[in-house]
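Reviewing the structure listed below.
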Amino acid sequence: MTNLCFQRELRLVTPDHYKRVFDNPVKASSPNITILAKPNDLEHMRLGLIVPKKVLKHAVDRNRIKRLTRNFFRLNQHRLPCLDYVFIAKGKIGDMTNNEVVNLLEKLCTVISRRSKKSV
RNA sequence: UGAGUCGGUCAGACAAUCGCCGCCCUUUUUGGGGGGAGGAAAGUCCGGGCUCCGCAGAGCAGAGUGCCAGGUAACGCCUGGGGGGUGUGAACCUACGAAAAGUGCAACAGAAAGUAUACCGCCUUUAUGGUAAGGGUGAAAUGGCGAGGUAAGAGCUCACCGCGCAUCUAGUAAUAGUAUGCGGCAGUGUAAACUCCACUCGGAGCAAGAUCAAAUAGGUUUCCGUUAAUGUUGCUCGCAUUGGAAACGGGUAGAUCGCUAGAGUCUGUAAGUGAUUGCAGAAGUAGAUGAAUGAUUGUCACCGCAAGGUACAGAACCCGGCUUAUGACUGACUCACACA
RNA sequence: GGAUAGAUGACCGAGAGGCCGAAGGUACUCCCCUGCUAAGGGAGCAUGCGACCACAAGUUGCAUCGAGGGUUCGAAUCCCUCUCUAUCCG
């Protein structure tokens, strides 16, 4: 039985964490989503979310994207390499359905894990 | 059936699995229980509570409100009533005090814009005459109509209508009246222009503020001093701090508190036309902080040919309103047409 | 979360009840100047709907100063509501 908990240690909390990831990361991008990643010293992955107000005007839509993304990383945390991830929403992500977003995340994460192995 | 007016209710439902954020119990790593967005959580347009500014003060300035009465913690809100307006109607709208305290503005046109030396005209008989009936301009031109009167005219006089004032009656009042009397009628509009009158308002806001406290030192307390600067509101006064000396303790990052039971909701009953209030009873704790309240599956409801989707929309100290966004169901009423 | 400011032609920006479709500048178009270019000078230059008109050009009416209401004889300007943009507060 795997533990699918997703608590505070698995999140990027302070601005310093974000700055560290922005400095020379591994990238995977699509028109609506960009994911940055960088290896960390911990035994688990961590996730940070950036959903700008300019991309999604309403708080309801922003919450929807954040919850979807968090849920995806929670369910897949043991399959993914131990990196610090930063998720950036952009473009017309608000027009996508939940299934489309999940499939796109799946695709981008495989790209990330492949590239990070190469760089290591 | 169609069109419309005014309200009311709900905010897809149930189950399973995996999670997130508080709380309680047991236990120290788990297990169990129970709770978890809104009617607008929104805009921040008003009013309060709460916190600090010396518990908050004096004067001026400034801002707001503006028919009357009531409700309320308070309000610019609500209820009832009056006046005015819109609509065939149900209904709805209404910053609705004062223009005779004073000042300003009224383009163009027009003779003239609040002031009458009156442009054309009319009358008389020539003068610095009388006249406001007719004309044209404009958003607006000094009551309307008829009769008398006159040189021609004119509220100059009279009747009716309108207007203003006083009294009376009804009403707590705003106000109203087939009421009575007086005034012959002067003064156009604008106060969402200044202003006057009446009433209200100290300032900032939970990023308020309080406690514990790495770094670092620019500090704190007492006494002296009162020019200047800063703060307390825009200003003045008043007050505090900065300055000098002596003595020792201060508090940025971060953490914790503030943080949720409240002028609350529902039901019954009494008072009241009603807003609302009194009494009795019942149910019920969202409290995060780079920010929880979700995802998947199944059945049913609705939309869609189907894939699929479920109106508007996400708490950030808390309440009372207003405004805006918006789906479905439902009640009462109005108008039109058709049928009986 | 709270506090504040603003929105005017393609762009910047003045105007703060009537003379205002709206100064001025930049950009753009045409003309002059020059052998050519730059600079300089002159003229033009918002959009929509309609009328005159065979068409074009030209003339002209109405509407529009973020949107919708209100006050006023008259609103870019005053008042209210909404939309959007920007700034400040740890």
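FYI, nothing fancy with the structure tokens labels: chains A, B, ... in order, residues from 1 per chain, ligands from 1 as they appear.
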
> Which residues come within 12 Å of region 111-117 of chain A, counting only C-alpha atoms (C1' of nucleotides), excluding same-chain residues fewer than 2 positions away, as a ChimeraX atom specification?
Replying inline: /A:25-30,34-40,79-86,104-109,119-120

Output C-alpha atoms for every residue in that selection, as a PDB file, in the first residue's frame.
```pdb
ATOM      1  CA  PRO A  25      16.076  24.398 -14.749  1.00  0.00           C
ATOM      2  CA  VAL A  26      14.995  21.507 -16.968  1.00  0.00           C
ATOM      3  CA  LYS A  27      12.057  22.660 -19.084  1.00  0.00           C
ATOM      4  CA  ALA A  28       9.044  21.089 -20.736  1.00  0.00           C
ATOM      5  CA  SER A  29       6.570  23.384 -22.393  1.00  0.00           C
ATOM      6  CA  SER A  30       3.351  23.471 -24.411  1.00  0.00           C
ATOM      7  CA  THR A  34       5.160  25.092 -18.822  1.00  0.00           C
ATOM      8  CA  ILE A  35       6.858  22.883 -16.237  1.00  0.00           C
ATOM      9  CA  LEU A  36      10.266  23.681 -14.784  1.00  0.00           C
ATOM     10  CA  ALA A  37      12.183  21.151 -12.704  1.00  0.00           C
ATOM     11  CA  LYS A  38      15.439  20.913 -10.792  1.00  0.00           C
ATOM     12  CA  PRO A  39      16.942  18.181  -8.600  1.00  0.00           C
ATOM     13  CA  ASN A  40      16.715  18.676  -4.820  1.00  0.00           C
ATOM     14  CA  ARG A  79       6.497   7.385 -10.244  1.00  0.00           C
ATOM     15  CA  LEU A  80       8.194  10.743 -10.736  1.00  0.00           C
ATOM     16  CA  PRO A  81      11.846  11.513  -9.978  1.00  0.00           C
ATOM     17  CA  CYS A  82      12.677  13.505  -6.846  1.00  0.00           C
ATOM     18  CA  LEU A  83      12.748  17.008  -8.247  1.00  0.00           C
ATOM     19  CA  ASP A  84      11.422  20.438  -7.399  1.00  0.00           C
ATOM     20  CA  TYR A  85       8.668  21.133  -9.919  1.00  0.00           C
ATOM     21  CA  VAL A  86       7.188  24.525 -10.809  1.00  0.00           C
ATOM     22  CA  LEU A 104      -1.109  17.116 -21.151  1.00  0.00           C
ATOM     23  CA  LEU A 105       0.486  16.899 -17.699  1.00  0.00           C
ATOM     24  CA  GLU A 106       1.178  13.199 -18.258  1.00  0.00           C
ATOM     25  CA  LYS A 107       2.950  13.978 -21.516  1.00  0.00           C
ATOM     26  CA  LEU A 108       5.039  16.832 -20.087  1.00  0.00           C
ATOM     27  CA  CYS A 109       6.139  14.780 -17.084  1.00  0.00           C
ATOM     28  CA  SER A 119      21.415  15.802 -17.551  1.00  0.00           C
ATOM     29  CA  VAL A 120      22.287  13.704 -14.491  1.00  0.00           C
TER      30      VAL A 120
END
```

>> When DSSP is applied to the backbone of this structure, which of region 22-101 of chain A are assigned helix (DSSP H, G or I)? Write them out as number ranges by chain.
In response: A: 22, 59-75, 93-95, 98-101

>> Considering only strand (DSSP E) as DSSP defines it on the backbone, what residues of region 20-59 of chain A qualify? List them as a list in words.
In response: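 The residues of region 20-59 of chain A classed as strand (DSSP E) are Val26, Lys27, Ala28, Ser29, Ile33, Thr34, Ile35, Leu36, Ala37, Lys38, Pro39, Arg46, Leu47, Gly48, Leu49 and Ile50 of chain A.
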
I need the residues from that last selection saved to file as an mmCIF file, in the first residue's frame (with all heavy atoms), if you can.
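To be explicit, this is the file written out as part30.cif:
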```cif
data_model
loop_
_atom_site.group_PDB
_atom_site.id
_atom_site.type_symbol
_atom_site.label_atom_id
_atom_site.label_comp_id
_atom_site.auth_asym_id
_atom_site.auth_seq_id
_atom_site.Cartn_x
_atom_site.Cartn_y
_atom_site.Cartn_z
ATOM 1 N N VAL A 26 15.389 22.351 -15.838
ATOM 2 C CA VAL A 26 14.995 21.507 -16.968
ATOM 3 C C VAL A 26 13.584 21.924 -17.345
ATOM 4 O O VAL A 26 12.734 22.082 -16.479
ATOM 5 C CB VAL A 26 15.008 20.021 -16.557
ATOM 6 C CG1 VAL A 26 14.559 19.171 -17.723
ATOM 7 C CG2 VAL A 26 16.369 19.632 -16.086
ATOM 8 N N LYS A 27 13.342 22.103 -18.663
ATOM 9 C CA LYS A 27 12.057 22.660 -19.084
ATOM 10 C C LYS A 27 11.268 21.670 -19.909
ATOM 11 O O LYS A 27 11.830 20.855 -20.629
ATOM 12 C CB LYS A 27 12.291 23.881 -19.975
ATOM 13 C CG LYS A 27 12.532 25.147 -19.216
ATOM 14 C CD LYS A 27 12.483 26.321 -20.190
ATOM 15 C CE LYS A 27 13.321 27.467 -19.657
ATOM 16 N NZ LYS A 27 13.433 28.544 -20.657
ATOM 17 N N ALA A 28 9.922 21.761 -19.794
ATOM 18 C CA ALA A 28 9.044 21.089 -20.736
ATOM 19 C C ALA A 28 7.859 22.005 -20.943
ATOM 20 O O ALA A 28 7.225 22.414 -19.975
ATOM 21 C CB ALA A 28 8.569 19.762 -20.173
ATOM 22 N N SER A 29 7.602 22.369 -22.204
ATOM 23 C CA SER A 29 6.570 23.384 -22.393
ATOM 24 C C SER A 29 5.600 22.994 -23.490
ATOM 25 O O SER A 29 5.907 22.202 -24.373
ATOM 26 C CB SER A 29 7.195 24.739 -22.708
ATOM 27 O OG SER A 29 8.075 24.601 -23.782
ATOM 28 N N ILE A 33 0.827 25.197 -20.926
ATOM 29 C CA ILE A 33 1.467 24.856 -19.651
ATOM 30 C C ILE A 33 2.973 24.794 -19.862
ATOM 31 O O ILE A 33 3.450 24.307 -20.886
ATOM 32 C CB ILE A 33 1.006 23.476 -19.139
ATOM 33 C CG1 ILE A 33 -0.493 23.471 -18.870
ATOM 34 C CG2 ILE A 33 1.756 23.081 -17.875
ATOM 35 C CD1 ILE A 33 -1.027 22.125 -18.483
ATOM 36 N N THR A 34 3.717 25.304 -18.850
ATOM 37 C CA THR A 34 5.160 25.092 -18.822
ATOM 38 C C THR A 34 5.493 24.458 -17.481
ATOM 39 O O THR A 34 4.942 24.848 -16.462
ATOM 40 C CB THR A 34 5.916 26.417 -18.964
ATOM 41 O OG1 THR A 34 5.596 26.978 -20.224
ATOM 42 C CG2 THR A 34 7.410 26.211 -18.870
ATOM 43 N N ILE A 35 6.398 23.475 -17.491
ATOM 44 C CA ILE A 35 6.858 22.883 -16.237
ATOM 45 C C ILE A 35 8.365 23.028 -16.166
ATOM 46 O O ILE A 35 9.082 22.673 -17.106
ATOM 47 C CB ILE A 35 6.468 21.398 -16.135
ATOM 48 C CG1 ILE A 35 4.954 21.267 -16.108
ATOM 49 C CG2 ILE A 35 7.057 20.776 -14.877
ATOM 50 C CD1 ILE A 35 4.468 19.868 -15.976
ATOM 51 N N LEU A 36 8.830 23.590 -15.049
ATOM 52 C CA LEU A 36 10.266 23.681 -14.784
ATOM 53 C C LEU A 36 10.590 22.673 -13.683
ATOM 54 O O LEU A 36 9.763 22.424 -12.806
ATOM 55 C CB LEU A 36 10.639 25.078 -14.310
ATOM 56 C CG LEU A 36 10.139 26.238 -15.165
ATOM 57 C CD1 LEU A 36 10.573 27.552 -14.535
ATOM 58 C CD2 LEU A 36 10.662 26.126 -16.575
ATOM 59 N N ALA A 37 11.813 22.117 -13.734
ATOM 60 C CA ALA A 37 12.183 21.151 -12.704
ATOM 61 C C ALA A 37 13.665 21.251 -12.429
ATOM 62 O O ALA A 37 14.456 21.655 -13.292
ATOM 63 C CB ALA A 37 11.832 19.741 -13.155
ATOM 64 N N LYS A 38 14.035 20.889 -11.177
ATOM 65 C CA LYS A 38 15.439 20.913 -10.792
ATOM 66 C C LYS A 38 15.638 19.915 -9.668
ATOM 67 O O LYS A 38 14.775 19.807 -8.797
ATOM 68 C CB LYS A 38 15.821 22.308 -10.303
ATOM 69 C CG LYS A 38 17.317 22.484 -10.256
ATOM 70 C CD LYS A 38 17.703 23.905 -9.964
ATOM 71 C CE LYS A 38 19.193 24.044 -10.151
ATOM 72 N NZ LYS A 38 19.660 25.362 -9.752
ATOM 73 N N PRO A 39 16.733 19.156 -9.668
ATOM 74 C CA PRO A 39 16.942 18.181 -8.600
ATOM 75 C C PRO A 39 17.067 18.839 -7.245
ATOM 76 O O PRO A 39 17.615 19.948 -7.127
ATOM 77 C CB PRO A 39 18.266 17.509 -8.999
ATOM 78 C CG PRO A 39 18.440 17.813 -10.436
ATOM 79 C CD PRO A 39 17.759 19.094 -10.698
ATOM 80 N N ARG A 46 8.933 17.992 -4.719
ATOM 81 C CA ARG A 46 8.158 19.120 -4.220
ATOM 82 C C ARG A 46 7.531 19.836 -5.413
ATOM 83 O O ARG A 46 8.049 19.806 -6.527
ATOM 84 C CB ARG A 46 9.053 20.097 -3.448
ATOM 85 C CG ARG A 46 9.539 19.525 -2.146
ATOM 86 C CD ARG A 46 10.176 20.573 -1.281
ATOM 87 N NE ARG A 46 11.389 21.113 -1.930
ATOM 88 C CZ ARG A 46 12.167 22.027 -1.336
ATOM 89 N NH1 ARG A 46 11.866 22.484 -0.139
ATOM 90 N NH2 ARG A 46 13.232 22.474 -1.945
ATOM 91 N N LEU A 47 6.395 20.516 -5.138
ATOM 92 C CA LEU A 47 5.639 21.143 -6.223
ATOM 93 C C LEU A 47 5.361 22.608 -5.879
ATOM 94 O O LEU A 47 5.019 22.944 -4.753
ATOM 95 C CB LEU A 47 4.306 20.407 -6.414
ATOM 96 C CG LEU A 47 3.348 20.982 -7.447
ATOM 97 C CD1 LEU A 47 3.924 20.876 -8.841
ATOM 98 C CD2 LEU A 47 2.012 20.276 -7.370
ATOM 99 N N GLY A 48 5.481 23.468 -6.900
ATOM 100 C CA GLY A 48 5.058 24.865 -6.767
ATOM 101 C C GLY A 48 4.154 25.212 -7.913
ATOM 102 O O GLY A 48 4.309 24.707 -9.023
ATOM 103 N N LEU A 49 3.179 26.077 -7.624
ATOM 104 C CA LEU A 49 2.194 26.441 -8.646
ATOM 105 C C LEU A 49 2.265 27.924 -8.928
ATOM 106 O O LEU A 49 2.364 28.744 -8.014
ATOM 107 C CB LEU A 49 0.779 26.118 -8.152
ATOM 108 C CG LEU A 49 0.482 24.651 -7.883
ATOM 109 C CD1 LEU A 49 -0.824 24.542 -7.147
ATOM 110 C CD2 LEU A 49 0.443 23.888 -9.168
ATOM 111 N N ILE A 50 2.209 28.297 -10.224
ATOM 112 C CA ILE A 50 2.098 29.705 -10.607
ATOM 113 C C ILE A 50 0.925 29.815 -11.575
ATOM 114 O O ILE A 50 0.987 29.299 -12.690
ATOM 115 C CB ILE A 50 3.384 30.227 -11.257
ATOM 116 C CG1 ILE A 50 4.550 30.103 -10.287
ATOM 117 C CG2 ILE A 50 3.188 31.664 -11.686
ATOM 118 C CD1 ILE A 50 5.842 30.587 -10.835
#
```

>> Can you tell me which residues surround U273 (chain B) at a distance of at most 12 Å, considering only C-alpha atoms (C1' of nucleotides), apart from same-chain residues fewer than 4 positions away, and format the answer as a PyMOL selection string?
In response: chain B and resi 79-81

> Near chain A, which residues of chain B fall within 8 Å when you count only C-alpha atoms (C1' of nucleotides), and what do they look like as a count of residues only?
Replying inline: 8

>> Set the distance at 10 Å and use only C-alpha atoms (C1' of nucleotides): which residues neighbour C89 (chain C) once local chain neighbours fewer than 5 positions away are removed? I'd like the list as a ChimeraX atom specification.
In response: /B:207 /C:2-3

>> Which residues are close to region 57-60 of chain B, i.e. within 10 Å by only C-alpha atoms (C1' of nucleotides), leaving aside same-chain residues fewer than 6 positions away? Reply as a list in words.
In response: G202, C235, U236, C237 and G238 of chain B

Residues at most 10 Å from G54 (chain B), counting only C-alpha atoms (C1' of nucleotides), excluding those fewer than 5 positions away in the same chain, as a PDB file with N, CA, C and O atoms (P, O5', C5', C4', C3', O3' and C1' of nucleotides), in the first residue's frame?
```pdb
ATOM      1  P     U B 232       0.217  61.459  10.806  1.00  0.00           P
ATOM      2  O5'   U B 232      -0.615  61.791  12.123  1.00  0.00           O
ATOM      3  C5'   U B 232      -0.964  60.757  13.039  1.00  0.00           C
ATOM      4  C4'   U B 232      -1.575  61.324  14.295  1.00  0.00           C
ATOM      5  C3'   U B 232      -2.823  62.166  14.097  1.00  0.00           C
ATOM      6  O3'   U B 232      -3.967  61.343  13.951  1.00  0.00           O
ATOM      7  C1'   U B 232      -1.367  63.237  15.621  1.00  0.00           C
ATOM      8  P     C B 239       0.775  71.777  25.571  1.00  0.00           P
ATOM      9  O5'   C B 239       0.810  70.259  25.086  1.00  0.00           O
ATOM     10  C5'   C B 239       0.059  69.275  25.795  1.00  0.00           C
ATOM     11  C4'   C B 239       0.063  67.951  25.062  1.00  0.00           C
ATOM     12  C3'   C B 239       1.428  67.335  24.794  1.00  0.00           C
ATOM     13  O3'   C B 239       2.003  66.710  25.933  1.00  0.00           O
ATOM     14  C1'   C B 239       0.078  67.158  22.858  1.00  0.00           C
ATOM     15  P     A B 240       3.629  66.617  26.092  1.00  0.00           P
ATOM     16  O5'   A B 240       4.023  65.505  25.023  1.00  0.00           O
ATOM     17  C5'   A B 240       3.696  64.133  25.246  1.00  0.00           C
ATOM     18  C4'   A B 240       4.017  63.291  24.032  1.00  0.00           C
ATOM     19  C3'   A B 240       5.484  63.236  23.621  1.00  0.00           C
ATOM     20  O3'   A B 240       6.221  62.306  24.397  1.00  0.00           O
ATOM     21  C1'   A B 240       4.136  63.602  21.708  1.00  0.00           C
TER      22        A B 240
END
```

>> Residues within 12 Å of region 76-83 of chain C, please, as JSON, numbers by chain. Count only C-alpha atoms (C1' of nucleotides); anything in the same chain fewer than 3 positions from it doesn't count.
In response: {"B": [43, 45, 76, 95, 192, 193, 322, 323, 324, 325], "C": [7, 8, 15, 16, 17, 18, 20, 21, 22, 64, 65, 66, 67, 68, 69, 70, 71, 72]}

> Quick one, how far is C1' of A73 (chain B) from C1' of G48 (chain B)?
Replying inline: 6.6 Å
